[in-house]
Structures are given as C-alpha cells and as structure tokens.
>>> print(open('my_file_9.txt').read())   # compact mmCIF, C-alpha atoms and all ligand atoms
# COMPACT_ATOMS: atom_id res chain seq x y z
CA MET S 1 33.46 184.01 49.73
CA ASN S 2 31.37 183.07 52.70
CA THR S 3 28.14 184.71 51.68
CA ARG S 4 25.46 182.85 49.83
CA GLU S 5 25.70 185.23 46.87
CA ASP S 6 29.44 184.62 46.52
CA ILE S 7 28.90 180.88 46.51
CA ILE S 8 26.16 181.09 43.90
CA GLU S 9 28.47 183.12 41.70
CA LEU S 10 31.22 180.49 42.01
CA LEU S 11 28.82 177.64 41.31
CA ASN S 12 27.81 179.42 38.13
CA LEU S 13 31.39 179.77 36.87
CA SER S 14 31.92 178.09 33.54
CA SER S 15 35.60 177.36 34.13
CA ILE S 16 36.35 175.23 37.16
CA GLN S 17 40.14 175.49 36.98
CA PRO S 18 40.69 178.60 39.17
CA LEU S 19 38.49 177.07 41.87
CA VAL S 20 40.25 173.73 41.66
CA ASP S 21 43.67 175.41 41.86
CA GLU S 22 42.70 177.38 44.95
CA ALA S 23 41.18 174.29 46.59
CA ALA S 24 44.38 172.35 45.87
CA ARG S 25 46.41 175.10 47.51
CA VAL S 26 44.20 175.09 50.60
CA LYS S 27 44.31 171.31 50.77
CA GLY S 28 48.10 171.36 50.63
CA GLU S 29 48.35 174.01 53.32
CA TYR S 30 45.82 172.58 55.75
CA THR S 31 46.00 168.82 55.20
CA SER S 32 49.55 168.40 53.81
CA ASN S 33 48.01 166.59 50.83
CA LYS S 34 47.46 163.50 52.90
CA VAL S 35 44.86 161.15 51.52
CA PHE S 36 43.33 158.50 53.76
CA PHE S 37 41.89 155.15 52.80
CA ARG S 38 38.91 153.55 54.51
CA GLY S 39 38.10 149.98 53.61
CA LEU S 40 34.40 149.92 52.81
CA MET S 41 32.17 147.03 53.81
CA GLU S 42 28.64 147.12 52.42
CA TYR S 43 27.28 144.97 55.22
CA SER S 44 23.65 144.49 54.21
CA ASN S 45 21.30 145.71 51.50
CA ILE S 46 18.18 145.04 53.54
CA CYS S 47 16.48 148.39 54.10
CA SER S 48 13.28 149.44 55.83
CA LYS S 49 13.15 152.74 53.97
CA ASN S 50 12.10 153.72 50.50
CA CYS S 51 14.09 156.76 49.44
CA LEU S 52 12.82 157.60 45.97
CA TYR S 53 16.29 157.74 44.38
CA CYS S 54 17.82 154.57 45.78
CA GLY S 55 17.88 151.12 44.22
CA LEU S 56 17.89 149.49 47.66
CA GLY S 57 14.56 150.97 48.73
CA CYS S 58 12.18 148.37 50.20
CA GLY S 59 9.82 149.01 47.27
CA ASN S 60 12.28 147.38 44.88
CA SER S 61 11.43 143.69 44.87
CA ASP S 62 13.93 142.90 42.10
CA VAL S 63 16.89 143.03 44.48
CA GLY S 64 18.21 139.85 46.02
CA ARG S 65 18.70 140.83 49.64
CA TYR S 66 21.79 139.83 51.63
CA THR S 67 23.48 140.37 54.93
CA ALA S 68 27.17 139.55 55.10
CA THR S 69 28.22 137.10 57.78
CA HIS S 70 30.20 138.08 60.84
CA ASP S 71 33.20 136.22 59.42
CA GLU S 72 33.00 138.04 56.11
CA VAL S 73 33.14 141.41 57.85
CA MET S 74 36.03 140.23 60.02
CA GLU S 75 37.81 139.12 56.84
CA ALA S 76 37.38 142.63 55.40
CA ALA S 77 38.84 144.00 58.64
CA ARG S 78 41.86 141.73 58.20
CA ILE S 79 42.32 143.11 54.67
CA VAL S 80 42.25 146.61 56.17
CA LEU S 81 45.06 145.63 58.53
CA ALA S 82 47.04 143.84 55.83
CA ASN S 83 46.81 146.90 53.56
CA ASN S 84 47.65 149.24 56.43
CA TYR S 85 44.53 151.34 55.80
CA ALA S 86 43.82 151.65 59.54
CA SER S 87 40.19 152.63 59.01
CA MET S 88 37.04 150.89 57.99
CA VAL S 89 33.52 152.01 57.08
CA ILE S 90 30.60 149.72 57.74
CA GLN S 91 27.68 150.82 55.61
CA SER S 92 24.25 149.26 55.50
CA GLY S 93 20.66 149.64 54.51
CA GLU S 94 18.68 151.03 57.41
CA ARG S 95 17.21 148.70 60.03
CA SER S 96 16.54 149.43 63.65
CA ASP S 97 15.43 146.03 64.97
CA ARG S 98 17.34 144.68 67.94
CA ASP S 99 19.02 141.87 65.97
CA PHE S 100 20.53 144.33 63.53
CA VAL S 101 21.63 146.76 66.23
CA LYS S 102 23.24 143.95 68.18
CA SER S 103 25.03 142.56 65.12
CA ILE S 104 26.66 145.94 64.48
CA THR S 105 27.63 146.31 68.16
CA ARG S 106 29.24 142.89 68.07
CA LEU S 107 31.08 143.60 64.82
CA VAL S 108 32.46 146.90 66.10
CA GLY S 109 33.63 145.28 69.35
CA ASP S 110 35.20 142.32 67.60
CA ILE S 111 37.01 144.44 65.00
CA LYS S 112 38.40 146.59 67.81
CA GLU S 113 39.50 143.52 69.72
CA MET S 114 40.96 141.68 66.74
CA SER S 115 42.99 144.74 65.71
CA SER S 116 44.01 145.68 69.26
CA GLY S 117 42.25 148.98 68.68
CA ARG S 118 44.25 149.77 65.58
CA ILE S 119 41.31 149.97 63.17
CA GLY S 120 39.27 153.17 63.37
CA ILE S 121 35.62 152.48 62.64
CA THR S 122 33.14 154.70 60.81
CA LEU S 123 29.51 153.65 60.72
CA SER S 124 27.00 154.56 58.06
CA CYS S 125 23.85 152.74 59.09
CA GLY S 126 21.21 155.41 58.88
CA GLU S 127 18.95 157.02 61.44
CA GLN S 128 18.94 155.31 64.81
CA SER S 129 17.85 156.12 68.35
CA ARG S 130 20.18 157.92 70.71
CA GLU S 131 20.57 154.65 72.67
CA THR S 132 21.68 152.77 69.57
CA TYR S 133 24.15 155.45 68.54
CA LYS S 134 25.51 155.40 72.09
CA GLU S 135 25.76 151.61 72.17
CA TRP S 136 27.78 151.66 68.93
CA PHE S 137 29.98 154.50 70.17
CA ASP S 138 30.67 152.66 73.42
CA ALA S 139 31.55 149.56 71.39
CA GLY S 140 34.27 151.58 69.66
CA ALA S 141 32.87 153.39 66.60
CA HIS S 142 34.00 156.99 66.53
CA ARG S 143 32.86 158.44 63.19
CA TYR S 144 29.39 158.42 61.65
CA LEU S 145 28.19 159.29 58.17
CA LEU S 146 24.59 160.35 57.68
CA ARG S 147 23.88 162.39 54.60
CA ILE S 148 21.17 165.02 54.82
CA GLU S 149 20.70 164.27 51.06
CA SER S 150 19.35 167.81 50.63
CA SER S 151 19.28 170.55 53.26
CA ASN S 152 16.23 172.00 51.50
CA GLU S 153 13.15 170.55 53.19
CA GLU S 154 10.95 170.96 50.15
CA LEU S 155 13.41 169.12 47.91
CA TYR S 156 13.94 166.52 50.63
CA TYR S 157 10.27 165.60 50.40
CA LYS S 158 10.43 165.43 46.62
CA ILE S 159 13.07 162.72 46.86
CA HIS S 160 11.65 160.90 49.89
CA PRO S 161 8.15 159.69 50.67
CA ASN S 162 6.43 162.29 52.84
CA ASN S 163 5.81 160.12 55.89
CA ALA S 164 7.02 159.55 59.44
CA ALA S 165 9.70 157.07 58.36
CA HIS S 166 11.31 159.70 56.16
CA SER S 167 11.04 162.80 58.31
CA PHE S 168 13.39 165.68 57.52
CA LYS S 169 13.28 166.76 61.14
CA ASN S 170 14.30 163.31 62.38
CA ARG S 171 17.24 163.32 60.00
CA LEU S 172 18.40 166.67 61.36
CA ASP S 173 17.84 165.56 64.95
CA ALA S 174 19.90 162.43 64.30
CA LEU S 175 22.83 164.58 63.16
CA TYR S 176 22.64 166.64 66.36
CA THR S 177 22.37 163.48 68.47
CA LEU S 178 25.52 162.08 66.86
CA ARG S 179 27.30 165.34 67.52
CA GLY S 180 26.18 165.31 71.15
CA LEU S 181 27.60 161.82 71.61
CA ASN S 182 31.00 163.06 70.45
CA TYR S 183 31.11 161.20 67.14
CA GLN S 184 33.00 162.83 64.29
CA VAL S 185 30.00 163.61 62.14
CA GLY S 186 29.85 163.43 58.38
CA THR S 187 27.00 164.43 56.14
CA GLY S 188 26.47 165.25 52.50
CA VAL S 189 24.12 165.71 49.59
CA MET S 190 23.55 164.40 46.10
CA ILE S 191 24.23 166.75 43.22
CA GLY S 192 22.15 166.94 40.07
CA LEU S 193 18.84 165.88 41.56
CA PRO S 194 15.67 166.73 39.70
CA PHE S 195 14.22 170.01 41.05
CA GLN S 196 17.61 171.03 42.51
CA THR S 197 18.85 174.57 41.83
CA VAL S 198 22.19 176.33 42.25
CA GLU S 199 20.63 178.33 45.07
CA ILE S 200 19.76 175.10 46.87
CA LEU S 201 23.31 173.80 46.41
CA ALA S 202 24.72 177.03 47.82
CA ASN S 203 22.47 176.58 50.84
CA ASP S 204 23.74 173.00 51.20
CA LEU S 205 27.28 174.36 51.50
CA MET S 206 26.09 176.93 54.05
CA PHE S 207 24.38 174.11 55.92
CA PHE S 208 27.66 172.19 56.21
CA LYS S 209 29.38 175.32 57.42
CA ASN S 210 26.69 176.25 59.94
CA PHE S 211 26.43 172.72 61.30
CA ASP S 212 30.23 172.77 61.45
CA VAL S 213 30.56 169.22 60.09
CA ASP S 214 33.76 167.23 60.43
CA MET S 215 33.41 165.19 57.24
CA VAL S 216 31.49 165.50 53.99
CA GLY S 217 30.58 162.99 51.31
CA ILE S 218 29.04 164.58 48.25
CA GLY S 219 28.52 162.90 44.94
CA PRO S 220 26.45 163.13 41.80
CA TYR S 221 22.94 161.75 41.77
CA ILE S 222 22.79 158.83 39.36
CA GLU S 223 19.50 157.45 38.24
CA HIS S 224 18.40 153.89 39.04
CA HIS S 225 15.91 152.38 36.60
CA ASN S 226 13.83 150.73 39.30
CA THR S 227 13.07 153.73 41.50
CA PRO S 228 10.25 156.29 41.57
CA LEU S 229 12.63 159.19 40.82
CA TYR S 230 13.56 157.59 37.50
CA ALA S 231 10.40 159.10 36.04
CA TYR S 232 12.05 162.54 36.33
CA ARG S 233 15.31 161.61 34.62
CA ASN S 234 14.65 164.10 31.83
CA LEU S 235 14.94 166.88 34.45
CA ILE S 236 18.48 166.13 35.53
CA PRO S 237 21.66 167.72 34.15
CA SER S 238 23.94 165.78 31.80
CA LYS S 239 26.65 163.54 33.26
CA GLU S 240 29.29 166.13 32.38
CA GLU S 241 27.36 168.88 34.14
CA ARG S 242 26.83 166.75 37.23
CA LEU S 243 30.51 165.87 37.34
CA LYS S 244 31.53 169.49 36.92
CA MET S 245 29.05 170.76 39.50
CA THR S 246 30.23 168.14 42.01
CA LEU S 247 33.85 169.21 41.48
CA LYS S 248 32.86 172.83 42.04
CA MET S 249 31.00 171.90 45.22
CA ILE S 250 34.03 169.97 46.53
CA ALA S 251 36.44 172.79 45.68
CA ILE S 252 34.29 175.51 47.26
CA LEU S 253 33.75 173.36 50.34
CA ARG S 254 37.50 172.82 50.73
CA ILE S 255 38.04 176.57 50.50
CA MET S 256 35.22 177.25 53.00
CA MET S 257 36.05 174.50 55.50
CA LYS S 258 39.77 174.07 55.15
CA ASP S 259 40.53 171.20 57.48
CA ILE S 260 37.55 168.86 57.21
CA ASN S 261 37.64 165.43 55.59
CA ILE S 262 36.02 165.26 52.16
CA ALA S 263 35.42 161.97 50.39
CA ALA S 264 36.06 161.25 46.74
CA THR S 265 32.96 159.14 46.15
CA THR S 266 32.32 156.07 44.05
CA ALA S 267 29.50 157.91 42.28
CA MET S 268 32.15 160.24 40.82
CA GLN S 269 33.92 157.21 39.43
CA THR S 270 30.68 156.03 37.89
CA LEU S 271 30.34 159.20 35.83
CA ASP S 272 34.01 159.19 34.81
CA PRO S 273 36.64 156.47 35.26
CA ASN S 274 38.90 159.18 36.70
CA GLY S 275 36.16 160.80 38.75
CA ARG S 276 37.65 159.98 42.12
CA GLU S 277 41.07 161.29 41.14
CA MET S 278 39.46 164.48 39.82
CA ALA S 279 37.72 164.89 43.18
CA LEU S 280 41.06 164.48 44.98
CA GLN S 281 42.55 167.19 42.79
CA ALA S 282 39.61 169.45 43.63
CA GLY S 283 40.12 169.15 47.38
CA ALA S 284 38.89 165.72 48.53
CA ASN S 285 41.19 163.74 50.84
CA VAL S 286 39.44 160.46 51.60
CA VAL S 287 38.97 157.39 49.40
CA MET S 288 36.98 154.32 50.33
CA PRO S 289 38.18 151.23 48.46
CA ASN S 290 35.41 148.68 48.35
CA LEU S 291 36.16 145.51 50.30
CA THR S 292 32.68 144.00 50.05
CA PRO S 293 32.89 140.35 48.95
CA LEU S 294 32.41 140.23 45.18
CA LYS S 295 29.32 138.00 45.40
CA TYR S 296 27.44 140.85 47.14
CA ARG S 297 28.52 143.72 44.91
CA GLU S 298 25.64 143.41 42.50
CA GLY S 299 23.25 143.42 45.44
CA TYR S 300 24.45 146.85 46.60
CA ALA S 301 23.39 148.65 43.43
CA ILE S 302 22.10 151.94 44.85
CA TYR S 303 22.24 153.38 41.31
CA ASP S 304 22.73 152.05 37.76
CA ASN S 305 26.25 151.21 36.50
CA LYS S 306 27.87 151.26 39.94
CA PRO S 307 31.51 150.34 39.26
CA SER S 308 33.81 147.69 40.66
CA LEU S 309 31.13 145.04 40.44
CA ASN S 310 33.83 142.57 39.56
CA GLU S 311 37.05 144.29 40.49
CA ASP S 312 39.28 142.36 42.80
CA ALA S 313 40.22 144.23 45.99
CA GLU S 314 43.94 143.76 45.45
CA GLU S 315 43.90 145.00 41.87
CA THR S 316 41.89 148.08 42.81
CA LYS S 317 44.33 148.80 45.60
CA ALA S 318 47.45 148.80 43.43
CA LYS S 319 45.81 150.91 40.72
CA LEU S 320 44.40 153.40 43.18
CA GLU S 321 47.58 153.84 45.18
CA LYS S 322 49.59 154.56 42.07
CA LYS S 323 47.13 157.08 40.64
CA ILE S 324 46.85 158.88 43.95
CA SER S 325 50.56 159.27 44.56
CA ASP S 326 51.11 160.23 40.90
CA ASP S 327 48.88 163.22 41.55
CA GLY S 328 51.13 164.51 44.35
CA ASN S 329 49.17 163.17 47.28
CA VAL S 330 50.71 161.27 50.17
CA ILE S 331 48.77 158.26 51.33
CA GLY S 332 48.33 158.26 55.09
CA PHE S 333 49.01 154.59 55.63
CA GLY S 334 48.59 153.31 59.15
CA GLU S 335 46.78 156.42 60.35
CA TRP S 336 43.14 156.78 61.26
CA GLY S 337 43.08 160.04 59.36
CA ASP S 338 40.63 161.70 61.71
CA SER S 339 39.17 165.02 60.74
CA ILE S 340 41.71 167.72 61.68
CA HIS S 341 38.71 170.00 62.04
CA PHE S 342 37.24 167.79 64.76
CA LYS S 343 40.50 167.62 66.66
CA ARG S 344 40.93 171.37 66.49
CA LYS S 345 37.43 171.82 67.96
CA GLN S 346 38.26 169.38 70.78
CA ARG S 347 41.22 171.46 71.90
N1 LIG Z 401 22.64 158.30 43.19
C1 LIG Z 401 23.65 158.76 43.96
N2 LIG Z 401 23.77 158.50 45.26
C2 LIG Z 401 22.81 157.74 45.83
N3 LIG Z 401 22.64 157.33 47.07
C3 LIG Z 401 21.54 156.57 47.13
N4 LIG Z 401 20.97 156.47 45.92
C4 LIG Z 401 21.74 157.20 45.09
C5 LIG Z 401 21.68 157.53 43.72
N5 LIG Z 401 20.68 157.07 42.95
C6 LIG Z 401 23.51 157.74 48.16
C7 LIG Z 401 22.72 158.51 49.18
C8 LIG Z 401 22.87 157.72 50.44
C9 LIG Z 401 24.04 156.81 50.17
C10 LIG Z 401 23.92 155.50 50.85
O1 LIG Z 401 24.03 156.60 48.78
O2 LIG Z 401 23.25 159.81 49.34
O3 LIG Z 401 23.12 158.50 51.58
FE1 LIG Z 402 17.73 152.61 52.34
FE2 LIG Z 402 19.82 154.30 52.48
FE3 LIG Z 402 18.81 153.55 50.09
FE4 LIG Z 402 17.38 155.18 51.67
S1 LIG Z 402 19.40 155.66 50.72
S2 LIG Z 402 16.59 153.38 50.59
S3 LIG Z 402 17.90 154.41 53.71
S4 LIG Z 402 19.82 152.23 51.60
>>> encode(input="my_file_9.txt", output="structure tokens", more="lines below")
Ligand code: 5AD
Ligand code: SF4
Amino acid sequence: MNTREDIIELLNLSSIQPLVDEAARVKGEYTSNKVFFRGLMEYSNICSKNCLYCGLGCGNSDVGRYTATHDEVMEAARIVLANNYASMVIQSGERSDRDFVKSITRLVGDIKEMSSGRIGITLSCGEQSRETYKEWFDAGAHRYLLRIESSNEELYYKIHPNNAAHSFKNRLDALYTLRGLNYQVGTGVMIGLPFQTVEILANDLMFFKNFDVDMVGIGPYIEHHNTPLYAYRNLIPSKEERLKMTLKMIAILRIMMKDINIAATTAMQTLDPNGREMALQAGANVVMPNLTPLKYREGYAIYDNKPSLNEDAEETKAKLEKKISDDGNVIGFGEWGDSIHFKRKQR
C-alpha cells in the first residue's frame, strides 16, 4: 500500500466504499473516533499574493478588503471558550509587513492570556520569515497550516505566477522552518485542479508521508469566476468526481498515516451539503466551524459558492454537533486535539 503504484491503483478504483471502510477502521483504532473542533477566524482578506486559483488574490479588484478588529477576534475566542472547542485557527491573506506581524503576535498573546492558556492556537497566515514564525510561536501559537497546494513543481507554477513572490522552493523551505521551530505542521493540496493527474495526486500523498506531516487539509479545487485559472474550467473534473477523488485521498491518507489530524474542509461542504460529514466518515477528524463575523463572510470568498455566508455560528454549531455524533464520532470537547502523530514523534 505504501508504494506509488499501489496508491495510483487505489485512486483509480471506481468504488470508494472498501477504502472508506478501511479508513474508518483505522481511524477508530488510532484516534478513537474523536473529532476536534477548531473555531475558525478569517482575520483579513488583504493579500499580497496572486495565486491563480484564489478569489482573494491581489489582482482581484472586485473584493472589498477588510481586516477584523482586535476586539472581533477576541470575541471569536470567547465563543471558542463558551462552546468548549478549546482550539482556534486564525487564517489570513498573506502579508509580511511589520504591522501585520505585530497584530498577529498581539492577538495570539491576548487570546492566550484571556483564556489562561486554555485555547490552543493554530495559525494559517502564509509564508513568513523564520523570525516571524518564531515570534508567533513564542507568543503561544503551536500549530501552523501551510498548504503546498501541489507537491509537483511544474503544476505549482501552472497555478501560481512564476515569480519570486510565488516560489515553490520558498514554500518548501517555509514548511521545514516551521518544523524546525517545533510547530505541529499541517499542509495539503487542492484536488481536481486543471492539469492535475492521478500520478501527481499519488505523489502528493507520498510527499505528506515523506515530510512526515502532523496535519493535513485537503479539499476540492473550486473555480472562482474572477481568477486567471477560471479560463481552464473546462479542464477540471465534474463536482462528483472531485468529491469522490477527495474522499479517496482522505481515506488513503488515513490508512497511510494512521494517527495524523485530517481536516474535513469547507470546500467539501461546498460541493455537497454533506461533504464534511462524508470526509469524517472517510477518515477525517477535524472540523473548523466558521466564527468569522457575518459581515466579513462575503469578503472571504476564496472560491465561488462558499457556504455559510449567512449562517449564524450558534445554528451551525448545533447542526454540526448532532450530525457528527450521529455518525458515531465522539466530539473532543475541551481538548486541544493535538496531532497524536506529533506527540508520538516527540517521545
Ligand atoms: N478552491 C479550493 N481551495 C482554494 N484555496 C484557495 N483558492 C481555492 C479554490 N479556488 C485554498 C488554498 C489555500 C487556502 C487558503 O484555500 O489551498 O491554501
Ligand atoms: Fe492570498 Fe492565500 Fe489566496 Fe494565495 S491562496 S491569493 S496567498 S489568500
């Protein structure tokens, strides 16, 4: 199962059920079917980059740009405490100016202080210098998500501008820097990109394994009408195929890397109202309920039809919790839900 050829064969299977069943078994054995919530705060949609697939790229002048206030983020942190989620993700468009870096440092420190250290903080704020990553770690962040987007360099440059600001090597280096600073490191790819092949996806899985990641977030690519990659939308698989391929990727990954954290992403939910639950059944164990203030939701449209644009946080919570426990999962309330894989490596 761990050779590239085996993985390609599994990715080509027409029936996903045997894979999903095996992944569910592995998930039960290695993670006790615990699912963890992270309250997600989409802090700012201002971005200095121009990834060709993303609606927030700086080339898109139709987006009203926002940065949430310090108080708004602290309010989201209070919701995390009130809901007993115990973990929070701060995600943002990429900026590396001093003001931005400082604002994140301050937020991390204040959330830690306000919660007496009870909230575990994951950052997802793009590529930064070693000094910045260290400053944020020292302030109290301990997990970092930075998707490689595609581990295939050629494909990477088909979905990013080929320039210094979007260097494949820098992205890889950033992942190693995070690892060196002792963050729990998460990465991931999009599935169903134009020019992507099953062979490339198999290599993505091998990449996760070889890098020995602690967390993975994979989700379907979804087109955004105001991006350069939209021109290639006739080259991408159907929604059903993207959904199915993502479920296969999640299931195979769970079988390959038994004790890592795998997110059930919002993009899954966009392709199918039950997409996140399907991902949980296929081996995912992390869900990130969106706590971004409603007035900003529209502004964080990385792709078309992103859901929960007007869902109230409380309503989403009740619905989600019920669906998740109905499926036989146990919600890990009050726990950080760190990657078991990371902890095992530490010992
Ligand atoms: N479809 C799916 N995922 C996307 N992302 C950005 N644009 C899209 C899209 N069009 C994902 C990227 C990025 C994260 C912030 O959102 O993988 O890492
Ligand atoms: Fe900016 Fe991230 Fe979108 Fe790239 S994927 S344009 S870095 S928000």
>>> closest_residue(input="my_file_9.txt", among="S:Leu81, S:Met74, S:Ala139, S:Ala264", to="Ile119 in chain S", atoms="all atoms listed in the file")
S:Leu81
>>> residues_around(input="my_file_9.txt", residues="Gly126 in chain S", least_positions_apart="3", cutoff="10 Å", atoms="only C-alpha atoms", output="ChimeraX atom specification")
/S:47,49,91-96,123,144-147,171,174
>>> residues_near_ligand(input="my_file_9.txt", ligand="ligand LIG 402 (chain Z)", cutoff="8 Å", atoms="all atoms listed in the file", output="PyMOL selection string")
chain S and resi 45-58+92-94+125-126+302
>>> residues_around(input="my_file_9.txt", residues="Ile159 in chain S", least_positions_apart="4", cutoff="9 Å", atoms="only C-alpha atoms", output="count of residues only")
10
>>> atom_distance(input="my_file_9.txt", atom1="CA of Met288 in chain S", atom2="CA of Thr122 in chain S")
11.2 Å
>>> residues_around(input="my_file_9.txt", residues="Val108 in chain S", least_positions_apart="6", cutoff="8 Å", atoms="all atoms listed in the file", output="list in words")
Ile121, Trp136, Ala139, Gly140 and Ala141 of chain S
>>> closest_residue(input="my_file_9.txt", among="S:Met88, S:Leu294, S:Leu280, S:Leu10", to="Lys34 in chain S", atoms="only C-alpha atoms")
S:Leu280
>>> axis_aligned_box(input="my_file_9.txt", around="range 114-126 of chain S", padding_each_side="6 Å", output="lines of an AutoDock Vina configuration file")
center_x = 32.7
center_y = 148.5
center_z = 63.7
size_x = 35.0
size_y = 25.7
size_z = 23.2
>>> closest_residue(input="my_file_9.txt", among="S:Ser44, S:Gln269, S:Asn234, S:Gln128", to="Pro289 in chain S", atoms="all atoms listed in the file")
S:Gln269
>>> atom_distance(input="my_file_9.txt", atom1="atom C5 of ligand LIG 401 (chain Z)", atom2="CA of Ile222 in chain S")
4.7 Å
>>> atom_distance(input="my_file_9.txt", atom1="CA of Ala165 in chain S", atom2="CA of Thr105 in chain S")
23.1 Å
